[in-house]
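Just upload_8.txt here, compact mmCIF, C-alpha atoms:
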```txt
# COMPACT_ATOMS: atom_id res chain seq x y z
CA MET H 1 0.00 0.00 0.00
CA ILE H 2 0.95 3.62 -0.56
CA ILE H 3 0.05 6.72 1.45
CA VAL H 4 -0.05 10.28 0.19
CA ALA H 5 -0.47 12.90 2.93
CA ASP H 6 -1.08 16.63 2.45
CA SER H 7 -0.54 18.47 5.72
CA GLY H 8 -0.97 21.98 7.03
CA SER H 9 -1.04 23.26 10.59
CA THR H 10 -4.77 22.69 11.03
CA LYS H 11 -5.49 19.49 9.08
CA THR H 12 -3.73 16.59 7.38
CA SER H 13 -5.50 14.73 4.56
CA TRP H 14 -4.43 11.11 4.06
CA LEU H 15 -5.05 8.99 0.96
CA LEU H 16 -4.30 5.25 1.10
CA LEU H 17 -3.77 3.59 -2.27
CA SER H 18 -3.23 0.06 -3.45
CA ASP H 19 0.09 -0.74 -5.12
CA ALA H 20 -1.77 -0.37 -8.43
CA GLY H 21 -2.90 3.16 -7.50
CA GLU H 22 -6.50 2.32 -6.61
CA LYS H 23 -7.98 4.59 -3.95
CA LEU H 24 -8.75 2.58 -0.81
CA ILE H 25 -9.20 4.96 2.12
CA GLU H 26 -9.49 8.72 2.60
CA THR H 27 -9.08 10.00 6.13
CA SER H 28 -7.77 12.96 8.09
CA THR H 29 -5.98 13.97 11.27
CA GLU H 30 -5.14 17.25 12.89
CA GLY H 31 -2.29 19.21 11.32
CA LEU H 32 1.28 17.93 11.47
CA ASN H 33 3.49 20.98 11.05
CA PRO H 34 6.85 19.95 12.54
CA ALA H 35 8.01 23.56 12.70
CA VAL H 36 5.16 24.36 15.10
CA PHE H 37 4.26 21.22 17.05
CA PRO H 38 6.57 19.15 19.29
CA ARG H 39 7.36 15.54 18.53
CA ASP H 40 4.93 14.10 21.09
CA VAL H 41 2.01 16.08 19.63
CA LEU H 42 2.85 14.96 16.09
CA LEU H 43 3.01 11.35 17.23
CA SER H 44 -0.26 11.44 19.17
CA ARG H 45 -2.13 13.02 16.26
CA VAL H 46 -1.19 10.22 13.89
CA LEU H 47 -1.81 7.52 16.49
CA SER H 48 -5.31 8.89 17.11
CA ASN H 49 -6.45 7.72 13.66
CA LYS H 50 -7.54 4.07 13.76
CA GLU H 51 -7.59 3.62 9.97
CA LEU H 52 -3.96 4.66 9.73
CA ILE H 53 -2.83 2.49 12.61
CA ASP H 54 -4.76 -0.57 11.43
CA ASN H 55 -2.92 -0.36 8.10
CA SER H 56 0.43 0.95 9.33
CA GLU H 57 2.44 -2.24 8.75
CA LYS H 58 1.03 -2.67 5.22
CA ILE H 59 2.40 0.64 3.96
CA LYS H 60 5.40 0.34 1.62
CA THR H 61 5.77 4.00 0.60
CA LEU H 62 4.63 7.18 2.34
CA HIS H 63 4.72 10.52 0.53
CA PHE H 64 4.29 13.36 3.03
CA PHE H 65 3.83 16.91 1.71
CA GLY H 66 3.79 19.26 4.65
CA ALA H 67 3.83 22.83 5.87
CA GLY H 68 6.96 23.44 7.91
CA CYS H 69 9.02 20.95 5.90
CA GLY H 70 11.05 23.51 3.98
CA THR H 71 14.11 23.29 6.24
CA PRO H 72 16.08 20.20 7.34
CA LYS H 73 15.48 20.01 11.10
CA PRO H 74 11.65 19.86 11.12
CA SER H 75 11.71 17.55 8.09
CA VAL H 76 13.85 15.09 10.03
CA ILE H 77 11.50 15.28 13.02
CA ILE H 78 8.36 14.43 11.05
CA ALA H 79 10.22 11.72 9.12
CA GLU H 80 11.28 10.06 12.38
CA VAL H 81 7.76 10.28 13.79
CA LEU H 82 6.21 8.71 10.69
CA GLN H 83 8.91 6.04 10.40
CA SER H 84 8.25 4.96 14.00
CA ILE H 85 4.62 4.25 13.06
CA PHE H 86 4.88 3.05 9.46
CA ILE H 87 7.80 0.75 10.18
CA ASN H 88 7.89 -0.99 6.79
CA ALA H 89 7.51 2.15 4.69
CA LYS H 90 9.94 4.26 2.74
CA VAL H 91 9.09 7.73 4.09
CA ILE H 92 9.53 10.65 1.68
CA ILE H 93 9.16 14.17 3.08
CA LYS H 94 8.57 17.19 0.85
CA GLU H 95 7.31 20.70 1.41
CA ASP H 96 3.60 21.37 0.80
CA THR H 97 4.60 23.70 -2.04
CA GLU H 98 5.51 20.69 -4.17
CA VAL H 99 2.05 19.15 -4.10
CA ALA H 100 0.52 22.59 -4.77
CA ILE H 101 2.69 22.84 -7.88
CA MET H 102 1.61 19.36 -9.00
CA ALA H 103 -2.03 20.36 -8.56
CA THR H 104 -1.92 23.67 -10.42
CA THR H 105 0.85 23.99 -13.01
CA ASP H 106 0.83 20.97 -15.37
CA ASN H 107 4.65 21.43 -15.40
CA ASP H 108 4.39 24.93 -16.86
CA PRO H 109 6.22 27.91 -15.29
CA ALA H 110 4.10 29.68 -12.68
CA ILE H 111 4.07 31.30 -9.30
CA VAL H 112 2.28 29.12 -6.77
CA CYS H 113 0.88 30.50 -3.53
CA ILE H 114 -0.57 28.69 -0.52
CA LEU H 115 -3.05 30.54 1.70
CA GLY H 116 -4.15 28.39 4.60
CA THR H 117 -3.46 28.57 8.32
CA GLY H 118 -0.14 30.03 7.16
CA SER H 119 1.03 31.29 3.78
CA ASN H 120 3.93 30.94 1.37
CA CYS H 121 4.90 31.53 -2.25
CA SER H 122 7.24 29.85 -4.74
CA TYR H 123 8.19 30.13 -8.39
CA PHE H 124 8.24 26.96 -10.50
CA ASP H 125 10.28 27.31 -13.71
CA GLY H 126 8.93 24.11 -15.24
CA GLU H 127 11.61 21.96 -13.63
CA LYS H 128 12.76 23.45 -10.35
CA ILE H 129 11.16 25.28 -7.43
CA HIS H 130 12.58 28.66 -6.44
CA GLN H 131 11.89 30.38 -3.14
CA ARG H 132 13.10 33.84 -2.18
CA ILE H 133 11.75 33.89 1.36
CA VAL H 134 12.54 31.54 4.23
CA SER H 135 9.41 31.45 6.37
CA LEU H 136 9.81 32.49 10.00
CA GLY H 137 6.28 31.38 10.84
CA TYR H 138 3.07 32.87 12.07
CA ILE H 139 4.42 35.51 14.48
CA ILE H 140 6.46 37.43 11.90
CA MET H 141 5.19 36.33 8.48
CA ASP H 142 2.14 34.51 7.05
CA ASP H 143 0.55 37.57 5.41
CA ALA H 144 -3.02 36.95 4.15
CA SER H 145 -3.25 33.62 5.97
CA GLY H 146 -5.98 32.44 8.31
CA ASN H 147 -3.91 33.28 11.37
CA TYR H 148 -3.05 36.72 9.94
CA PHE H 149 -6.73 37.59 9.53
CA GLY H 150 -7.59 36.23 12.98
CA LYS H 151 -4.91 38.46 14.46
CA GLN H 152 -6.21 41.53 12.60
CA LEU H 153 -9.75 40.88 13.85
CA LEU H 154 -8.64 40.61 17.47
CA LYS H 155 -6.60 43.79 17.20
CA ALA H 156 -9.48 45.69 15.59
CA TYR H 157 -11.90 44.46 18.25
CA TYR H 158 -9.71 45.30 21.22
CA PHE H 159 -8.49 48.62 19.79
CA ASN H 160 -12.18 49.60 19.31
CA GLN H 161 -11.66 50.01 15.58
CA MET H 162 -14.31 47.49 14.51
CA PRO H 163 -17.78 48.88 13.66
CA LYS H 164 -20.21 48.25 16.51
CA GLU H 165 -22.60 45.99 14.59
CA LEU H 166 -19.69 43.87 13.35
CA ALA H 167 -18.12 43.74 16.81
CA GLN H 168 -21.42 42.49 18.21
CA LYS H 169 -21.58 39.68 15.64
CA PHE H 170 -17.96 38.80 16.34
CA SER H 171 -18.57 38.55 20.09
CA GLU H 172 -21.72 36.49 19.54
CA ASN H 173 -19.84 33.92 17.47
CA TYR H 174 -16.56 33.67 19.39
CA ASN H 175 -15.41 33.74 23.00
CA LEU H 176 -13.63 37.09 23.16
CA ASP H 177 -12.92 37.09 26.87
CA ALA H 178 -9.38 38.44 27.30
CA ASP H 179 -8.27 35.63 29.62
CA PHE H 180 -9.57 33.00 27.20
CA ILE H 181 -7.75 34.63 24.31
CA LYS H 182 -4.47 34.88 26.23
CA GLU H 183 -4.78 31.26 27.30
CA ASN H 184 -5.01 30.20 23.66
CA LEU H 185 -2.26 32.53 22.50
CA TYR H 186 0.34 32.05 25.21
CA ARG H 187 -0.33 28.83 27.10
CA LYS H 188 -1.82 26.32 24.67
CA SER H 189 0.19 24.49 22.03
CA ASN H 190 -1.29 25.74 18.75
CA PRO H 191 -1.88 29.52 18.77
CA ASN H 192 -1.58 29.71 14.99
CA THR H 193 -4.55 27.40 14.46
CA TYR H 194 -6.51 29.24 17.15
CA LEU H 195 -5.96 32.53 15.33
CA ALA H 196 -6.90 30.89 12.02
CA SER H 197 -10.18 29.68 13.53
CA LEU H 198 -11.09 33.32 14.16
CA GLY H 199 -10.23 34.11 10.56
CA HIS H 200 -13.36 32.25 9.41
CA PHE H 201 -15.37 35.24 10.61
CA ILE H 202 -13.82 37.58 8.07
CA ILE H 203 -14.85 35.23 5.25
CA ASP H 204 -18.39 34.92 6.62
CA GLN H 205 -18.59 38.72 6.69
CA LYS H 206 -16.62 39.42 3.51
CA SER H 207 -19.35 41.64 2.09
CA HIS H 208 -18.86 44.12 4.94
CA PRO H 209 -16.65 47.08 3.91
CA PHE H 210 -14.54 46.80 7.07
CA CYS H 211 -13.75 43.13 6.36
CA GLN H 212 -13.10 43.90 2.70
CA LYS H 213 -10.54 46.49 3.79
CA ILE H 214 -8.71 43.98 6.01
CA ILE H 215 -8.75 41.33 3.27
CA LYS H 216 -7.41 43.76 0.66
CA GLU H 217 -4.66 44.96 3.00
CA GLY H 218 -3.62 41.39 3.80
CA LEU H 219 -3.53 40.38 0.15
CA GLN H 220 -1.57 43.52 -0.76
CA LEU H 221 1.03 42.64 1.88
CA PHE H 222 1.26 39.13 0.46
CA ILE H 223 1.71 40.48 -3.06
CA ASP H 224 4.35 43.01 -1.99
CA ASN H 225 6.27 40.74 0.39
CA GLN H 226 6.00 37.43 -1.45
CA ILE H 227 4.83 37.48 -5.07
CA LEU H 228 6.81 40.54 -6.15
CA GLN H 229 10.03 38.92 -4.93
CA PHE H 230 10.04 37.29 -8.38
CA GLU H 231 11.03 39.57 -11.26
CA ASN H 232 8.75 37.80 -13.74
CA ALA H 233 5.66 37.95 -11.51
CA ARG H 234 3.77 39.91 -14.17
CA GLN H 235 4.68 37.51 -16.98
CA VAL H 236 3.60 34.12 -15.60
CA PRO H 237 0.36 32.68 -14.18
CA ILE H 238 -0.14 33.04 -10.43
CA ASN H 239 -1.92 30.08 -8.86
CA PHE H 240 -3.46 29.88 -5.39
CA VAL H 241 -4.39 26.88 -3.27
CA GLY H 242 -5.53 26.76 0.34
CA SER H 243 -8.34 26.48 2.80
```

Once more with this new file: its structure as structure tokens, please.
Amino acid sequence: MIIVADSGSTKTSWLLLSDAGEKLIETSTEGLNPAVFPRDVLLSRVLSNKELIDNSEKIKTLHFFGAGCGTPKPSVIIAEVLQSIFINAKVIIKEDTEVAIMATTDNDPAIVCILGTGSNCSYFDGEKIHQRIVSLGYIIMDDASGNYFGKQLLKAYYFNQMPKELAQKFSENYNLDADFIKENLYRKSNPNTYLASLGHFIIDQKSHPFCQKIIKEGLQLFIDNQILQFENARQVPINFVGS
């Protein structure tokens, strides 16, 4: 059997295939970003899925495309975690950008962007992937991502910049108690996914001018800081994937 996994910080999608390529099982776990989560969390999230564990010894090859796998250290961590579970498998770790390129380019040159819990951008020249920015994660980077928009909403709410009717809807849909927010931001293990969960509100209210302004500002930052790193950005297609 073969596994193909596509992982972000919030969710990992798993596809189990026969050796002939026939789809057998589709399943999911929580996100497995090795740049964000410690080894024990990564391990427990995979072990929580019965379908994966029941088939773990049957897997011969595991292709893992993941957020946070763009540098060696986290890639080694997730490889070791997966190898400890899928003991008979050849484990292949690649950055999530690679599967996004496969899904969108048909091997033609293009800029490929991922907007999910986090965000990134690469240029594919038809053969090789080029990246100008090394991601430093959700605190410093991730413009136009789910966690970016969640952060902007919290700031607007607490700085009293959000229109009253929108602030009321926001407080009705989310727990905006300051202690609860700080608990999720500074004490719990996945603040980036917590922030991204708040980002859903801005999509639900995207017709509101205030939300449109935040969305446009976030996208403009992403264009300026990521896409325009590439000199030919105006000459090639720009593809987006994400949640």

Problem - Polymer residues at most 12 Å from Ile53 (chain H), all atoms listed in the file, same-chain spacing of 6 or more positions, as a VMD selection string - result: chain H and resid 16 27 29 43 to 47 59 82 84 to 87

Exercise for the section: Compile the contact shell of Asp143 (chain H) as a count of residues only: residues with an atom at most 8 Å away, counting all atoms listed in the file, same-chain residues fewer than 3 positions apart removed. Expected result: 7

Exercise for the section: Grab the CA of Ile111 (chain H) to CA of Asn192 (chain H) distance for me, in Å with one decimal place. Expected result: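 Taking CA of Ile111 (chain H) and CA of Asn192 (chain H), their separation equals 25.0 Å.
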
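From CA of Ser9 (chain H) back to CA of Met141 (chain H), the distance works out to 14.6 Å.
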
All residues 9 Å or closer to region 152-157 of chain H, all atoms listed in the file, same chain fewer than 3 positions away omitted, as a PDB file with C-alpha atoms, in the coordinates of the input:
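Result file is selection_39.pdb:
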```pdb
ATOM      1  CA  ASN H 147      -3.910  33.280  11.370  1.00  0.00           C
ATOM      2  CA  TYR H 148      -3.050  36.720   9.940  1.00  0.00           C
ATOM      3  CA  PHE H 149      -6.730  37.590   9.530  1.00  0.00           C
ATOM      4  CA  ASN H 160     -12.180  49.600  19.310  1.00  0.00           C
ATOM      5  CA  GLN H 161     -11.660  50.010  15.580  1.00  0.00           C
ATOM      6  CA  MET H 162     -14.310  47.490  14.510  1.00  0.00           C
ATOM      7  CA  PRO H 163     -17.780  48.880  13.660  1.00  0.00           C
ATOM      8  CA  ALA H 167     -18.120  43.740  16.810  1.00  0.00           C
ATOM      9  CA  PHE H 170     -17.960  38.800  16.340  1.00  0.00           C
ATOM     10  CA  LEU H 176     -13.630  37.090  23.160  1.00  0.00           C
ATOM     11  CA  LEU H 195      -5.960  32.530  15.330  1.00  0.00           C
ATOM     12  CA  LEU H 198     -11.090  33.320  14.160  1.00  0.00           C
ATOM     13  CA  GLY H 199     -10.230  34.110  10.560  1.00  0.00           C
ATOM     14  CA  PHE H 201     -15.370  35.240  10.610  1.00  0.00           C
ATOM     15  CA  ILE H 202     -13.820  37.580   8.070  1.00  0.00           C
ATOM     16  CA  CYS H 211     -13.750  43.130   6.360  1.00  0.00           C
ATOM     17  CA  ILE H 214      -8.710  43.980   6.010  1.00  0.00           C
TER      18      ILE H 214
END
```

Exercise for the section: Using only C-alpha atoms, give me every residue within 10 Å of (11.8, 9.8, 3.2) in file coordinates, as a VMD selection string. Expected result: chain H and resid 61 to 64 75 to 76 78 to 80 82 to 83 89 to 94

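Our summary of the geometry notes that CA of Glu30 (chain H) is positioned 18.5 Å from CA of Val99 (chain H).
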
Practice task
Name the residues, using the chain letters and numbers of the file, that sit within 12 Å of (15.3, 34.5, -3.7) when counting all atoms listed in the file, and give them as a list in words.
Solution key: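 Here the neighbourhood of the point contains Cys121, Ser122, Tyr123, Ile129, His130, Gln131, Arg132, Ile133, Val134, Asn225, Gln226, Ile227, Leu228, Gln229, Phe230 and Glu231 of chain H.
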
Could you work out an axis-aligned bounding box for all listed atoms of region 63-69 of chain H, with 4 Å added on each of the six sides, and give its centre and edge lengths in Å to one decimal, as AutoDock Vina command-line options?
```
--center_x 6.4 --center_y 17.0 --center_z 4.2 --size_x 13.2 --size_y 20.9 --size_z 15.4
```

Exercise for the section: Can you pull out every residue within 12 Å of region 179-183 of chain H, counting all atoms listed in the file, but drop anything in the same chain fewer than 3 positions away, and send it as a PyMOL selection string? Expected result: chain H and resi 150-151+154-155+158+174-176+186-191+194-195+198

Problem - From H:Gly68, H:Gly21, H:Gly126, H:Gly8, residue lying nearest Asp106 (chain H) [all atoms listed in the file] - result: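 Between H:Gly68, H:Gly21, H:Gly126, H:Gly8, the residue approaching Asp106 (chain H) most closely is H:Gly126.
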
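You can rank H:Ile3, H:Val241, H:Ala67, H:Lys206 by their closest distance to Glu22 (chain H) using all atoms listed in the file, and at the top of that list sits H:Ile3.
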
Find the spatial neighbours of Lys128 (chain H), counting all atoms listed in the file, within a cut-off of 10 Å - ignore same-chain residues fewer than 3 positions away - and output them as a compact mmCIF listing (two decimals) with C-alpha atoms, in the coordinates of the input.
```txt
# COMPACT_ATOMS: atom_id res chain seq x y z
CA GLU H 98 5.51 20.69 -4.17
CA ASN H 107 4.65 21.43 -15.40
CA PRO H 109 6.22 27.91 -15.29
CA TYR H 123 8.19 30.13 -8.39
CA PHE H 124 8.24 26.96 -10.50
CA ASP H 125 10.28 27.31 -13.71
```

Return region 166-180 of chain H, completed with N, CA and C atoms, as a short mmCIF file (atom, residue, chain, number, x, y, z; two decimals), in the coordinates of the input.
```
data_model
loop_
_atom_site.label_atom_id
_atom_site.label_comp_id
_atom_site.auth_asym_id
_atom_site.auth_seq_id
_atom_site.Cartn_x
_atom_site.Cartn_y
_atom_site.Cartn_z
N LEU H 166 -20.58 44.98 13.68
CA LEU H 166 -19.69 43.87 13.35
C LEU H 166 -19.06 43.30 14.61
N ALA H 167 -18.69 44.18 15.54
CA ALA H 167 -18.12 43.74 16.81
C ALA H 167 -19.13 42.89 17.59
N GLN H 168 -20.39 43.26 17.52
CA GLN H 168 -21.42 42.49 18.21
C GLN H 168 -21.53 41.09 17.61
N LYS H 169 -21.53 41.00 16.30
CA LYS H 169 -21.58 39.68 15.64
C LYS H 169 -20.35 38.85 16.00
N PHE H 170 -19.20 39.50 16.01
CA PHE H 170 -17.96 38.80 16.34
C PHE H 170 -18.02 38.22 17.74
N SER H 171 -18.50 39.01 18.70
CA SER H 171 -18.57 38.55 20.09
C SER H 171 -19.65 37.49 20.29
N GLU H 172 -20.67 37.50 19.45
CA GLU H 172 -21.72 36.49 19.54
C GLU H 172 -21.27 35.14 19.01
N ASN H 173 -20.29 35.15 18.11
CA ASN H 173 -19.84 33.92 17.47
C ASN H 173 -18.58 33.33 18.08
N TYR H 174 -17.83 34.14 18.83
CA TYR H 174 -16.56 33.67 19.39
C TYR H 174 -16.44 34.14 20.84
N ASN H 175 -15.71 33.36 21.62
CA ASN H 175 -15.41 33.74 23.00
C ASN H 175 -14.28 34.77 22.96
N LEU H 176 -14.61 36.01 23.24
CA LEU H 176 -13.63 37.09 23.16
C LEU H 176 -13.21 37.59 24.53
N ASP H 177 -13.43 36.77 25.54
CA ASP H 177 -12.92 37.09 26.87
C ASP H 177 -11.40 37.16 26.83
N ALA H 178 -10.83 38.21 27.40
CA ALA H 178 -9.38 38.44 27.30
C ALA H 178 -8.57 37.29 27.89
N ASP H 179 -9.02 36.74 29.01
CA ASP H 179 -8.27 35.63 29.62
C ASP H 179 -8.31 34.39 28.74
N PHE H 180 -9.45 34.15 28.11
CA PHE H 180 -9.57 33.00 27.20
C PHE H 180 -8.65 33.16 26.00
#
```
